[in-house]
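Source file input-v6.txt; content: compact mmCIF, C-alpha atoms.
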# COMPACT_ATOMS: atom_id res chain seq x y z
CA MET A 1 34.72 -0.62 -41.16
CA ARG A 2 33.49 -4.02 -42.24
CA ILE A 3 36.10 -4.32 -44.94
CA TRP A 4 38.77 -3.60 -42.36
CA TYR A 5 37.49 -6.21 -39.96
CA LYS A 6 36.87 -8.77 -42.69
CA ALA A 7 40.06 -8.12 -44.65
CA SER A 8 41.69 -11.42 -43.78
CA GLU A 9 38.54 -13.37 -44.69
CA TYR A 10 39.06 -12.71 -48.36
CA SER A 11 39.94 -15.70 -50.49
CA HIS A 12 40.36 -16.14 -54.24
CA GLU A 13 37.06 -18.01 -54.35
CA ARG A 14 35.32 -14.70 -53.71
CA GLY A 15 36.51 -13.37 -57.06
CA SER A 16 38.29 -10.04 -57.40
CA VAL A 17 39.08 -8.07 -54.28
CA LEU A 18 36.97 -5.22 -55.59
CA SER A 19 33.96 -7.49 -56.14
CA TRP A 20 34.34 -8.80 -52.59
CA MET A 21 34.50 -5.28 -51.20
CA ILE A 22 31.53 -4.15 -53.26
CA SER A 23 29.50 -7.02 -51.80
CA ILE A 24 30.35 -6.03 -48.25
CA VAL A 25 29.47 -2.40 -48.87
CA ARG A 26 26.29 -3.15 -50.83
CA TYR A 27 24.92 -5.56 -48.24
CA ARG A 28 25.57 -3.00 -45.52
CA ALA A 29 23.93 -0.24 -47.56
CA LEU A 30 20.93 -2.50 -48.23
CA ASP A 31 20.62 -3.14 -44.49
CA MET A 32 20.61 0.61 -43.91
CA ILE A 33 18.00 1.22 -46.60
CA ARG A 34 15.71 -1.45 -45.24
CA ALA A 35 16.19 -0.28 -41.64
CA ALA A 36 15.40 3.30 -42.62
CA ARG A 37 12.26 2.07 -44.39
CA VAL A 38 11.02 0.42 -41.22
CA ARG A 39 11.73 3.56 -39.21
CA ASN A 40 9.95 5.76 -41.68
CA GLU A 41 6.90 3.55 -41.84
CA ASN A 42 6.46 4.29 -38.17
CA ALA A 43 6.99 8.02 -38.28
CA MET A 44 5.72 10.97 -40.29
CA THR A 45 8.45 12.81 -42.17
CA ASP A 46 8.77 16.42 -43.20
CA LEU A 47 7.69 16.44 -46.84
CA ASP A 48 9.74 19.48 -47.81
CA GLN A 49 12.91 17.99 -46.42
CA LEU A 50 11.99 14.68 -47.97
CA SER A 51 11.56 16.23 -51.40
CA ALA A 52 14.97 17.87 -51.16
CA GLU A 53 16.58 14.51 -50.44
CA ILE A 54 14.73 12.75 -53.22
CA ASP A 55 15.61 15.46 -55.72
CA ARG A 56 19.21 14.41 -55.47
CA GLY A 57 18.14 12.13 -58.26
CA SER A 58 18.98 8.81 -59.82
CA PRO A 59 22.54 7.69 -59.23
CA GLU A 60 22.22 4.69 -61.52
CA VAL A 61 21.50 6.90 -64.50
CA ASP A 62 24.32 9.32 -63.77
CA LEU A 63 26.86 6.65 -62.99
CA SER A 64 25.95 4.41 -65.87
CA GLN A 65 27.02 7.20 -68.19
CA GLY A 66 30.45 7.38 -66.60
CA ARG A 67 31.11 3.67 -66.43
CA GLU A 68 33.44 1.71 -68.59
CA ARG A 69 31.74 -0.98 -70.59
CA ALA A 70 31.95 -4.40 -69.01
CA LYS A 71 30.78 -7.79 -70.21
CA ILE A 72 27.70 -7.51 -68.07
CA ASP A 73 26.68 -4.37 -69.96
CA ASN A 74 26.52 -6.28 -73.22
CA CYS A 75 24.51 -9.00 -71.51
CA ILE A 76 22.12 -6.45 -70.03
CA ASP A 77 21.72 -4.93 -73.48
CA ASN A 78 20.49 -8.33 -74.64
CA LEU A 79 17.73 -8.43 -72.03
CA GLU A 80 14.23 -7.24 -72.68
CA LYS A 81 13.99 -3.62 -71.60
CA PRO A 82 11.73 -4.21 -68.58
CA GLN A 83 14.09 -6.96 -67.38
CA ALA A 84 17.11 -4.69 -67.72
CA ASP A 85 15.34 -1.75 -66.04
CA ALA A 86 14.14 -3.83 -63.10
CA ILE A 87 17.56 -5.39 -62.46
CA THR A 88 19.34 -2.05 -62.78
CA LEU A 89 16.95 -0.35 -60.36
CA ALA A 90 17.42 -3.14 -57.84
CA TYR A 91 21.22 -3.18 -58.12
CA PHE A 92 21.97 0.53 -58.08
CA ARG A 93 19.13 1.83 -55.92
CA GLY A 94 18.60 -1.15 -53.66
CA PHE A 95 14.91 -1.31 -54.55
CA SER A 96 12.75 -4.18 -53.34
CA HIS A 97 10.31 -5.91 -55.69
CA ARG A 98 7.53 -3.65 -54.45
CA GLU A 99 9.56 -0.49 -55.00
CA VAL A 100 10.51 -1.56 -58.51
CA CYS A 101 6.76 -2.03 -59.09
CA ASP A 102 6.05 1.50 -57.95
CA GLN A 103 8.86 2.94 -60.00
CA MET A 104 7.94 1.06 -63.18
CA GLU A 105 4.21 1.32 -62.51
CA SER A 106 3.82 -2.39 -63.22
CA PRO A 107 2.21 -5.30 -61.37
CA LEU A 108 4.24 -7.16 -58.75
CA GLY A 109 3.98 -10.45 -60.63
CA SER A 110 5.42 -8.92 -63.77
CA VAL A 111 8.32 -7.34 -61.90
CA LYS A 112 9.20 -10.57 -60.13
CA SER A 113 9.09 -12.41 -63.42
CA TRP A 114 11.26 -9.82 -65.20
CA ILE A 115 13.88 -9.99 -62.48
CA ARG A 116 13.87 -13.78 -62.23
CA ARG A 117 14.00 -14.39 -65.96
CA GLY A 118 16.37 -11.50 -66.51
CA LEU A 119 18.83 -12.92 -64.02
CA GLN A 120 18.62 -16.34 -65.66
CA ARG A 121 19.36 -14.83 -69.07
CA LEU A 122 22.13 -12.73 -67.57
CA ARG A 123 23.80 -15.81 -66.14
CA ARG A 124 23.57 -17.70 -69.41
CA CYS A 125 25.00 -14.75 -71.30
CA MET A 126 27.87 -14.17 -68.87
CA GLU A 127 28.81 -17.85 -68.81
CA SER A 128 28.72 -18.21 -72.58
CA MET B 1 9.74 -24.99 -50.38
CA ASN B 2 12.26 -27.45 -51.77
CA TYR B 3 15.57 -25.72 -51.18
CA ASP B 4 17.44 -28.71 -52.63
CA SER B 5 16.43 -27.71 -56.16
CA GLU B 6 19.54 -26.42 -57.88
CA GLU B 7 17.46 -24.06 -59.98
CA LEU B 8 15.77 -22.59 -56.93
CA GLN B 9 19.07 -22.23 -55.08
CA ASP B 10 20.51 -20.38 -58.04
CA ALA B 11 17.50 -18.07 -58.29
CA LEU B 12 17.58 -17.32 -54.56
CA SER B 13 21.33 -16.70 -54.62
CA ALA B 14 20.92 -14.28 -57.51
CA GLU B 15 18.15 -12.33 -55.79
CA TYR B 16 20.06 -12.36 -52.51
CA VAL B 17 23.01 -10.68 -54.19
CA LEU B 18 20.79 -8.30 -56.14
CA GLY B 19 19.01 -7.40 -52.90
CA THR B 20 15.46 -8.26 -53.96
CA LEU B 21 15.37 -11.23 -51.62
CA ASP B 22 13.99 -9.29 -48.70
CA GLY B 23 12.73 -9.47 -45.13
CA LYS B 24 12.43 -12.82 -43.42
CA ALA B 25 13.30 -14.68 -46.61
CA ARG B 26 16.62 -12.85 -46.72
CA LEU B 27 17.40 -13.62 -43.09
CA ARG B 28 16.47 -17.26 -43.62
CA TYR B 29 18.70 -17.48 -46.66
CA GLU B 30 21.58 -15.87 -44.78
CA ARG B 31 21.35 -18.62 -42.19
CA MET B 32 21.35 -21.23 -44.97
CA ILE B 33 24.41 -19.62 -46.53
CA VAL B 34 26.27 -19.93 -43.24
CA GLU B 35 25.41 -23.61 -43.06
CA SER B 36 26.01 -24.64 -46.67
CA THR B 37 29.31 -24.36 -48.48
CA ALA B 38 27.58 -25.04 -51.81
CA LEU B 39 25.12 -22.18 -51.31
CA ARG B 40 27.91 -19.87 -50.19
CA LYS B 41 29.87 -20.59 -53.35
CA ASN B 42 26.77 -20.04 -55.44
CA VAL B 43 26.31 -16.62 -53.83
CA TRP B 44 29.95 -15.80 -54.46
CA ARG B 45 29.55 -16.67 -58.14
CA TRP B 46 26.61 -14.28 -58.40
CA GLU B 47 28.53 -11.57 -56.56
CA GLN B 48 31.28 -11.85 -59.14
CA LYS B 49 28.77 -11.56 -61.99
CA LEU B 50 26.57 -8.74 -60.74
CA ASN B 51 29.37 -6.72 -59.19
CA GLU B 52 30.76 -6.15 -62.65
CA LEU B 53 28.11 -3.43 -62.65
CA GLY B 54 29.88 -1.77 -59.75
CA GLU B 55 33.47 -2.58 -60.63
CA SER B 56 33.53 -0.32 -63.66
CA LEU B 57 32.08 2.71 -61.91
CA PRO B 58 34.34 5.76 -61.96
CA ALA B 59 36.62 6.16 -58.96
CA LEU B 60 35.60 8.68 -56.35
CA GLU B 61 37.75 10.02 -53.52
CA PRO B 62 36.05 9.84 -50.14
CA SER B 63 35.78 13.13 -48.31
CA GLU B 64 38.26 14.02 -45.58
CA LYS B 65 35.42 13.91 -43.09
CA ALA B 66 34.56 10.35 -44.11
CA TRP B 67 38.20 9.26 -43.81
CA ASN B 68 38.53 10.88 -40.42
CA THR B 69 35.40 9.15 -39.22
CA VAL B 70 36.64 5.76 -40.40
CA GLU B 71 40.06 6.34 -38.81
CA GLN B 72 38.52 7.33 -35.51
CA ARG B 73 36.08 4.44 -35.45
CA LEU B 74 38.91 2.01 -36.11
CA GLY B 75 40.88 3.52 -33.25
CA PHE B 76 43.70 5.03 -35.29
CA SER B 77 43.13 8.56 -34.09
CA GLY B 78 41.17 10.58 -31.57
CA ASN B 79 37.89 9.58 -30.02
CA VAL B 80 35.25 7.34 -31.52
CA VAL B 81 32.52 9.32 -33.24
CA LEU B 82 29.13 8.33 -34.56
CA GLY B 83 28.53 7.69 -38.25
CA PRO B 84 26.07 9.75 -40.30
CA TRP B 85 23.43 7.03 -39.97
CA GLU B 86 23.60 7.12 -36.19
CA THR B 87 22.49 10.67 -35.54
CA ALA B 88 19.84 12.67 -37.30
CA SER B 89 21.60 15.97 -36.71
CA GLN B 90 24.74 15.15 -38.70
CA GLU B 91 24.98 15.97 -42.36
CA PRO B 92 25.77 13.02 -44.60
CA ALA B 93 29.46 13.08 -45.40
CA ARG B 94 29.16 12.61 -49.14
CA SER B 95 26.07 12.67 -51.16
CA THR B 96 26.07 15.52 -53.63
CA LYS B 97 29.12 14.34 -55.57
CA VAL B 98 27.37 11.39 -57.11
CA ALA B 99 23.72 12.43 -57.06
CA PRO B 100 22.59 14.18 -60.21
CA GLU B 101 20.13 17.04 -60.06
CA SER B 102 17.18 15.34 -61.69
CA PRO B 103 13.66 15.25 -60.34
CA SER B 104 12.05 12.10 -59.06
CA SER B 105 8.43 11.23 -58.64
CA ARG B 106 9.04 8.99 -55.66
CA GLY B 107 7.42 10.45 -52.59
CA ARG B 108 7.03 7.81 -49.95
CA ILE B 109 10.53 7.04 -48.88
CA GLY B 110 12.07 8.73 -45.87
CA VAL B 111 15.08 10.95 -45.44
CA GLY B 112 17.43 8.35 -44.03
CA ARG B 113 16.42 5.89 -46.66
CA ALA B 114 16.72 8.39 -49.48
CA TRP B 115 20.20 9.19 -48.30
CA TRP B 116 21.23 5.57 -48.41
CA GLN B 117 19.65 5.01 -51.79
CA ALA B 118 21.41 8.01 -53.22
CA ASN B 119 24.62 6.63 -51.82
CA LEU B 120 24.32 2.95 -52.63
CA ALA B 121 26.20 3.34 -55.86
CA ALA B 122 28.58 5.79 -54.25
CA ALA B 123 29.27 3.31 -51.50
CA THR B 124 30.21 0.80 -54.14
CA VAL B 125 32.74 3.25 -55.50
CA LEU B 126 34.02 3.98 -52.01
CA ALA B 127 34.98 0.34 -51.63
CA ALA B 128 37.69 0.83 -54.22
CA SER B 129 39.35 3.47 -52.10
CA ILE B 130 39.11 1.57 -48.86
CA ILE B 131 41.31 -1.23 -50.14
CA PHE B 132 44.28 1.09 -49.96
CA ALA B 133 43.60 1.64 -46.30
CA VAL B 134 43.33 -2.09 -45.70
CA ILE B 135 46.66 -2.66 -47.37
CA LEU B 136 48.58 0.36 -46.17
CA TRP B 137 47.43 0.96 -42.64
CA PRO B 138 49.57 -0.65 -39.96
CA GLN B 139 48.19 -3.90 -38.58
CA PRO B 140 47.78 -4.12 -34.81
CA GLN B 141 50.93 -5.58 -33.35
CA ALA B 142 50.64 -9.23 -32.41
CA PRO B 143 52.83 -12.31 -32.46
CA VAL B 144 51.43 -13.30 -35.84
CA SER B 145 53.58 -16.36 -36.27
CA ALA B 146 52.05 -17.98 -33.19
CA ILE B 147 48.46 -17.43 -34.30
CA GLU B 148 47.00 -20.06 -36.60
CA GLN B 149 43.54 -18.60 -37.05
CA LEU B 150 41.67 -15.47 -36.10
CA ALA B 151 38.05 -14.47 -35.62
CA VAL B 152 36.38 -11.17 -34.80
CA VAL B 153 32.91 -11.33 -33.29
CA GLN B 154 30.97 -8.26 -34.36
CA GLY B 155 27.76 -6.72 -33.07
CA ALA B 156 24.77 -5.40 -35.00
CA LYS B 157 26.56 -2.16 -35.89
CA SER B 158 29.75 -3.91 -36.97
CA GLU B 159 31.41 -2.99 -33.71
CA ALA B 160 34.06 -5.46 -32.63
CA LEU B 161 33.05 -7.38 -29.50
CA TRP B 162 35.64 -10.10 -29.11
CA LEU B 163 38.89 -10.85 -30.89
CA ILE B 164 39.68 -14.57 -30.82
CA LYS B 165 43.18 -15.79 -31.61
CA ILE B 166 43.51 -19.50 -32.23
CA ARG B 167 46.90 -20.73 -31.10
CA LYS B 168 48.36 -24.22 -31.11
CA ASN B 169 46.81 -25.28 -27.82
CA THR B 170 44.61 -22.40 -26.76
CA LEU B 171 41.98 -19.89 -27.80
CA GLU B 172 43.03 -16.45 -26.62
CA VAL B 173 40.05 -14.15 -26.28
CA GLN B 174 40.18 -10.37 -25.94
CA ALA B 175 36.96 -8.59 -24.99
CA THR B 176 36.49 -5.05 -26.28
CA GLY B 177 34.75 -2.21 -24.48
CA ASN B 178 31.64 -2.70 -26.63
CA ILE B 179 30.24 -5.68 -24.74
CA ALA B 180 27.06 -5.16 -22.74
CA GLN B 181 27.92 -5.81 -19.09
CA ASP B 182 25.07 -8.14 -18.18
CA GLY B 183 25.45 -9.41 -14.63
CA GLU B 184 22.74 -12.02 -15.03
CA HIS B 185 24.04 -13.82 -18.09
CA ASP B 186 27.23 -15.19 -19.60
CA TYR B 187 28.33 -15.26 -23.22
CA GLU B 188 29.32 -18.72 -24.46
CA LEU B 189 31.42 -19.53 -27.51
CA TRP B 190 30.52 -22.44 -29.80
CA MET B 191 31.96 -24.02 -32.90
CA LEU B 192 29.61 -25.04 -35.69
CA ALA B 193 30.66 -28.10 -37.70
CA GLU B 194 30.05 -28.39 -41.41
CA ASP B 195 28.75 -31.94 -40.98
CA GLY B 196 25.67 -30.59 -39.21
CA ARG B 197 26.36 -32.02 -35.78
CA ALA B 198 25.16 -30.09 -32.74
CA PRO B 199 27.18 -26.98 -31.80
CA ILE B 200 30.15 -27.71 -29.55
CA SER B 201 30.92 -25.42 -26.64
CA LEU B 202 34.35 -23.83 -26.49
CA GLY B 203 33.78 -22.08 -23.16
CA ILE B 204 32.57 -18.89 -21.55
CA LEU B 205 33.78 -15.64 -23.06
CA PRO B 206 35.15 -12.86 -20.87
CA LYS B 207 32.98 -9.74 -20.57
CA GLN B 208 36.08 -7.63 -20.20
CA GLY B 209 39.81 -8.11 -20.48
CA ARG B 210 41.46 -11.28 -21.74
CA ASP B 211 40.91 -14.95 -21.13
CA THR B 212 42.39 -18.14 -22.46
CA LEU B 213 40.22 -21.12 -23.34
CA PRO B 214 41.50 -24.64 -24.01
CA ARG B 215 41.58 -25.74 -27.64
CA PRO B 216 39.75 -29.08 -27.76
CA ALA B 217 41.09 -31.95 -29.86
CA LEU B 218 37.84 -31.92 -31.84
CA PHE B 219 38.77 -28.47 -33.09
CA ASP B 220 41.19 -30.10 -35.53
CA GLN B 221 39.08 -33.13 -36.35
CA ILE B 222 36.05 -31.43 -37.89
CA ASP B 223 35.49 -28.78 -40.53
CA ILE B 224 34.38 -25.69 -38.65
CA VAL B 225 32.01 -23.57 -40.70
CA ALA B 226 31.58 -20.81 -38.12
CA LEU B 227 31.87 -19.80 -34.48
CA ALA B 228 28.80 -18.65 -32.60
CA VAL B 229 28.24 -16.67 -29.41
CA SER B 230 25.15 -17.34 -27.33
CA LEU B 231 23.55 -15.68 -24.35
CA GLU B 232 23.38 -18.11 -21.45
CA PRO B 233 22.56 -18.27 -17.76
CA LEU B 234 25.53 -17.57 -15.51
CA GLY B 235 27.95 -20.46 -15.78
CA GLY B 236 26.95 -21.39 -19.31
CA SER B 237 24.30 -23.43 -21.06
CA ALA B 238 22.55 -25.89 -18.81
CA THR B 239 21.42 -28.06 -21.72
CA GLY B 240 24.64 -28.43 -23.67
CA SER B 241 23.14 -26.50 -26.55
CA PRO B 242 23.17 -22.76 -27.19
CA THR B 243 20.17 -21.05 -25.59
CA ARG B 244 20.04 -17.89 -27.71
CA VAL B 245 22.57 -17.36 -30.48
CA LEU B 246 23.50 -13.69 -30.70
CA TYR B 247 26.38 -13.58 -33.17
CA THR B 248 28.23 -15.76 -35.62
CA THR B 249 31.61 -15.26 -37.23
CA GLN B 250 34.02 -17.19 -39.35
CA LEU B 251 37.56 -18.30 -38.68
CA VAL B 252 40.23 -16.79 -40.82
CA ASN B 253 43.40 -18.70 -41.60
CA ILE B 254 46.53 -16.68 -40.98
Mind converting the file's structure to structure tokens?
Amino acid sequence: MRIWYKASEYSHERGSVLSWMISIVRYRALDMIRAARVRNENAMTDLDQLSAEIDRGSPEVDLSQGRERAKIDNCIDNLEKPQADAITLAYFRGFSHREVCDQMESPLGSVKSWIRRGLQRLRRCMES
Amino acid sequence: MNYDSEELQDALSAEYVLGTLDGKARLRYERMIVESTALRKNVWRWEQKLNELGESLPALEPSEKAWNTVEQRLGFSGNVVLGPWETASQEPARSTKVAPESPSSRGRIGVGRAWWQANLAAATVLAASIIFAVILWPQPQAPVSAIEQLAVVQGAKSEALWLIKIRKNTLEVQATGNIAQDGEHDYELWMLAEDGRAPISLGILPKQGRDTLPRPALFDQIDIVALAVSLEPLGGSATGSPTRVLYTTQLVNI
């Protein structure tokens, strides 16, 4: 819907059309994730139903196996493993810092540092 | 916090695109992006870098149900229906195709949220398919040659509220059926200049039907970074400034 309404806003400065569309869709999905989090913090959920949803698994793992290699993959390979894991979890699963902490069972400060430094290294690598 | 630091701006832009800039900080940064061309371009650069992760994902055909829903919501067929996120009783249109059957130890996230997380990557793939719709579907008929710029004001759920066509001497505004009919307030349109001057009123928007507003000379003398719609007392702002900004949108050159 958003892509339709925003179609004429695209300009070459936004990069490839696909990248522009991915941004629109990701931001919308992130909004939905965060909104659902707020709702669920205020309501008890059925644990059985919840488990069934969660058991659908880890899309980033599945999809990463089917992806073509891109320059960013080589750059991510050059990151320290915790940096790469934290960035990948945030990109594909929309995790917040806190959720990456929970998933990686690591302190918040470490996760923030991995992401911040990982992104810096990623930029340097991709611009080299 | 010193937002003028180039290093900080770059770090914030990166985490905005990644999604780890969250909550109030994210909302604050979104407002800064609207106001600053430099920040906007920085965000775009990060989008181009990080979205390489999504660009090489395998293509996935959206389900017929998803297509039908999109078509209906855009008004191309039948009645408008609610999306899967708008009613708890509907099954998500497409989740099992991309979600592998592996266990997860996460136990505190809710159903709606889990659905969106499972589909974040899938949604990225879906974007590739939607482009064909954008290109191939017929555009609404309009005297395109007479329109110089266009803007669509959207609500919180992406629903179109007003369509604004900028013509040589006028702003032609079409209200949609999605606008709350508030008898005690008016909606006022403003233009926001890149040079940071106070917002400039363009007039009161219609709550239904069409209206034509004059195009002020200033419209062509300043760089307009965005249009804004505010909620005002009947008759418009009494102070000359927007009372409560509800929506912003950008002009699109035709």
Exercise. When you draw a straight line from CA of Thr37 in chain B to CA of Glu13 in chain A, how long is it in Å?
Worked result: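 We find that CA of Thr37 in chain B and CA of Glu13 in chain A lie 11.6 Å from each other.
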Exercise. In terms of the shortest atom-to-atom distance over all atoms listed in the file, which of A:Glu80, A:Leu89, A:Val25, A:Val111 is closest to chain B?
Worked result: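 Using all atoms listed in the file, the shortest distance to chain B belongs to A:Val25.
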Problem set entry | Separation of CA of Glu47 in chain B from CA of His12 in chain A, in Å and rounded to one decimal |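 These two atoms are separated by 12.9 Å.
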Exercise. CA of Leu18 in chain A and CA of Pro58 in chain B, how far apart in Å?
Worked result: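 Computing it gives 13.0 Å between the two atoms.
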Exercise. B:Ser201, B:Thr249, B:Thr212, B:Asn51: which is nearest Ser237 in chain B, counting all atoms listed in the file?
Worked result: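 When distances to Ser237 in chain B are compared using all atoms listed in the file, the smallest one comes from B:Ser201.
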Exercise. If you count all atoms listed in the file, which residues fall within 8 Å of Ile87 in chain A, apart from same-chain ones fewer than 5 positions away, as a list in words?
Worked result: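 These residues fall inside the cut-off: Ile115, Gly118 and Leu119 of chain A; Leu18 of chain B.
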